[in-house]
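The block underneath contains the structure these notes are about, expressed in structure tokens.
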Amino acid sequence: MPRGINRAEPTHKARAGSSRKSFTEWRNNPCVFISHQSEDTAACETIAEYLIALGVDVYFDKYQKTLQQLTANQDPTGVTKHIQEGIDFSTHMICVVSLTTIKSYWVPFEVGYGYSRIILGVLTLKGVEDAMLPEYLKTTKVIRGTRSLNGFISELLGQPNDFLESRTSVKASATPHPLDNTLDWNK
């Protein structure tokens, strides 16, 4: 299975923006925008790497120097445009929810902007119960744990529901799973 890429990396963004044809080709291939609170970056990086290893492209802006500059310069217009561009380069969004997500100013904007543009899912980290979800996130598919994330990925890739669980590298077993410290398994 080919490895996915992080479309937020400058080399990939430059290639996608080089022509209208390449942007359209990218738009037709699955890509997951990872919406998250900055305090959850480490957990989201683990999730992004998991998706990339399974052949799914992501748009994960952890290393985006442009975004960091815009944020440091307190440029909300630039940050907004940057977020919109990332969502426009994506076909799906996973809004990663933790106990700190409620503090985010940008996550509600990202979800609102992407809501009618791309397929939206809400992924809850360990310790987050359904009752803790903000109301605006209860209007979409809630992904609870590794097993349901695998189902989301299988659907995204057009594979049967048990596609990823049949692969030894992604199912629950005696050896640690890459998402064991981030997500519950059986939810």
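Please note that chains go A, B, ... in the order of the structure tokens, that every chain numbers its residues from 1, and that ligands are numbered from 1 in the order shown.
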Strand (DSSP E) positions in segment 42-184 of chain A, given as number ranges by chain:
A: 57-59, 92-97, 119-124, 141-144
Would you work out the distance separating atom CA of Thr80 of chain A from atom CA of Leu67 of chain A, expressed in Å to one decimal?
9.7 Å
Measuring atom to atom with only C-alpha atoms, identify which of A:Val32, A:Ala8, A:Val122, A:Leu133 is nearest to Gly145 of chain A.
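Closest to Gly145 of chain A, using only C-alpha atoms: A:Val122.
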Do you know which residues are at most 10 Å from Glu129 of chain A counting only C-alpha atoms, after dropping those on the same chain fewer than 5 positions away, and could you put them as a list in words?
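Within the cut-off, the hits are Ser98, Leu99, Thr124 and Arg144 of chain A.
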I need the chosen residues saved as a PDB file, in the first residue's frame, with N, CA and C atoms.
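Generated file (again_1.pdb):
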```
ATOM      1  N   SER A  98     -10.680  16.932  22.363  1.00  0.00           N
ATOM      2  CA  SER A  98     -10.134  16.568  23.664  1.00  0.00           C
ATOM      3  C   SER A  98     -10.827  17.441  24.704  1.00  0.00           C
ATOM      4  N   LEU A  99     -10.384  17.334  25.915  1.00  0.00           N
ATOM      5  CA  LEU A  99     -10.952  18.172  26.969  1.00  0.00           C
ATOM      6  C   LEU A  99     -10.580  19.642  26.792  1.00  0.00           C
ATOM      7  N   THR A 124     -12.932  11.561  18.896  1.00  0.00           N
ATOM      8  CA  THR A 124     -12.729  11.870  20.314  1.00  0.00           C
ATOM      9  C   THR A 124     -11.498  11.152  20.849  1.00  0.00           C
ATOM     10  N   ARG A 144     -15.451   7.224  17.577  1.00  0.00           N
ATOM     11  CA  ARG A 144     -15.083   6.941  18.962  1.00  0.00           C
ATOM     12  C   ARG A 144     -14.055   5.815  19.011  1.00  0.00           C
TER      13      ARG A 144
END
```
Can you build me a table of segment 54-169 of chain A residues sitting at most 10 Å from segment 180-184 of chain A, with the closest atom pair per residue and its distance in Å to one decimal, using only C-alpha atoms, sorted by chain and residue number, as a tab-separated table?
```
residue	atom	partner	partner_atom	distance
A:Leu123	CA	A:Leu183	CA	8.9
A:Thr124	CA	A:Leu183	CA	7.5
A:Leu125	CA	A:Leu183	CA	5.2
A:Lys126	CA	A:Leu183	CA	5.0
A:Gly127	CA	A:Asp184	CA	8.7
A:Val128	CA	A:Leu183	CA	9.9
A:Arg144	CA	A:Asp184	CA	7.4
A:Gly145	CA	A:Asp184	CA	4.6
A:Thr146	CA	A:Leu183	CA	5.9
A:Arg147	CA	A:Asp184	CA	8.3
A:Ser148	CA	A:Asp184	CA	9.8
A:Leu149	CA	A:Leu183	CA	9.3
```
As a ChimeraX atom specification, which residues of segment 55-143 of chain A does DSSP assign to alpha helix (DSSP H)?
/A:65-72,76-88,106-114
Taking only C-alpha atoms into account, name the residue in A:Asn29, A:Asn161, A:Thr139, A:Ser154 that is nearest to Val111 of chain A.
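Smallest distance to Val111 of chain A is found for A:Thr139.
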Could you jot down the atom CA of Val142 of chain A to atom CA of Tyr113 of chain A separation for me, Å, one decimal place?
18.1 Å
List as a PyMOL selection string the protein and nucleic acid residues near Asn6 of chain A, meaning an atom at most 12 Å away when only C-alpha atoms are counted, but skip any in the same chain fewer than 4 places from it.
chain A and resi 10-13+16+30-34+45+47-53+55-64+86+89-90
Quick one: of A:Ile118, A:Thr101, A:Gln68, A:Gly158, who's nearest to Ile87 of chain A, counting only C-alpha atoms?
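Among the listed residues, A:Ile118 lies closest to Ile87 of chain A.
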Restrict the calculation to only C-alpha atoms, then for each residue of segment 95-135 of chain A with any atom at most 12 Å from an atom of segment 71-79 of chain A give the closest atom pair and their distance in Å to one decimal, rows by chain and rising residue number, as CSV.
```
residue,atom,partner,partner_atom,distance
A:Tyr105,CA,A:Pro76,CA,10.9
A:Trp106,CA,A:Val79,CA,9.2
A:Phe109,CA,A:Val79,CA,11.0
A:Glu110,CA,A:Val79,CA,10.9
```
Residue with smallest distance to Gln37 of chain A - pool A:Leu54, A:Leu137, A:Cys95, A:Ile83, counting only C-alpha atoms:
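Going through A:Leu54, A:Leu137, A:Cys95, A:Ile83 one by one, the smallest distance to Gln37 of chain A is for A:Cys95.
One distance worth recording is that between atom CA of Tyr115 of chain A and atom CA of Ser38 of chain A, which is 20.6 Å.
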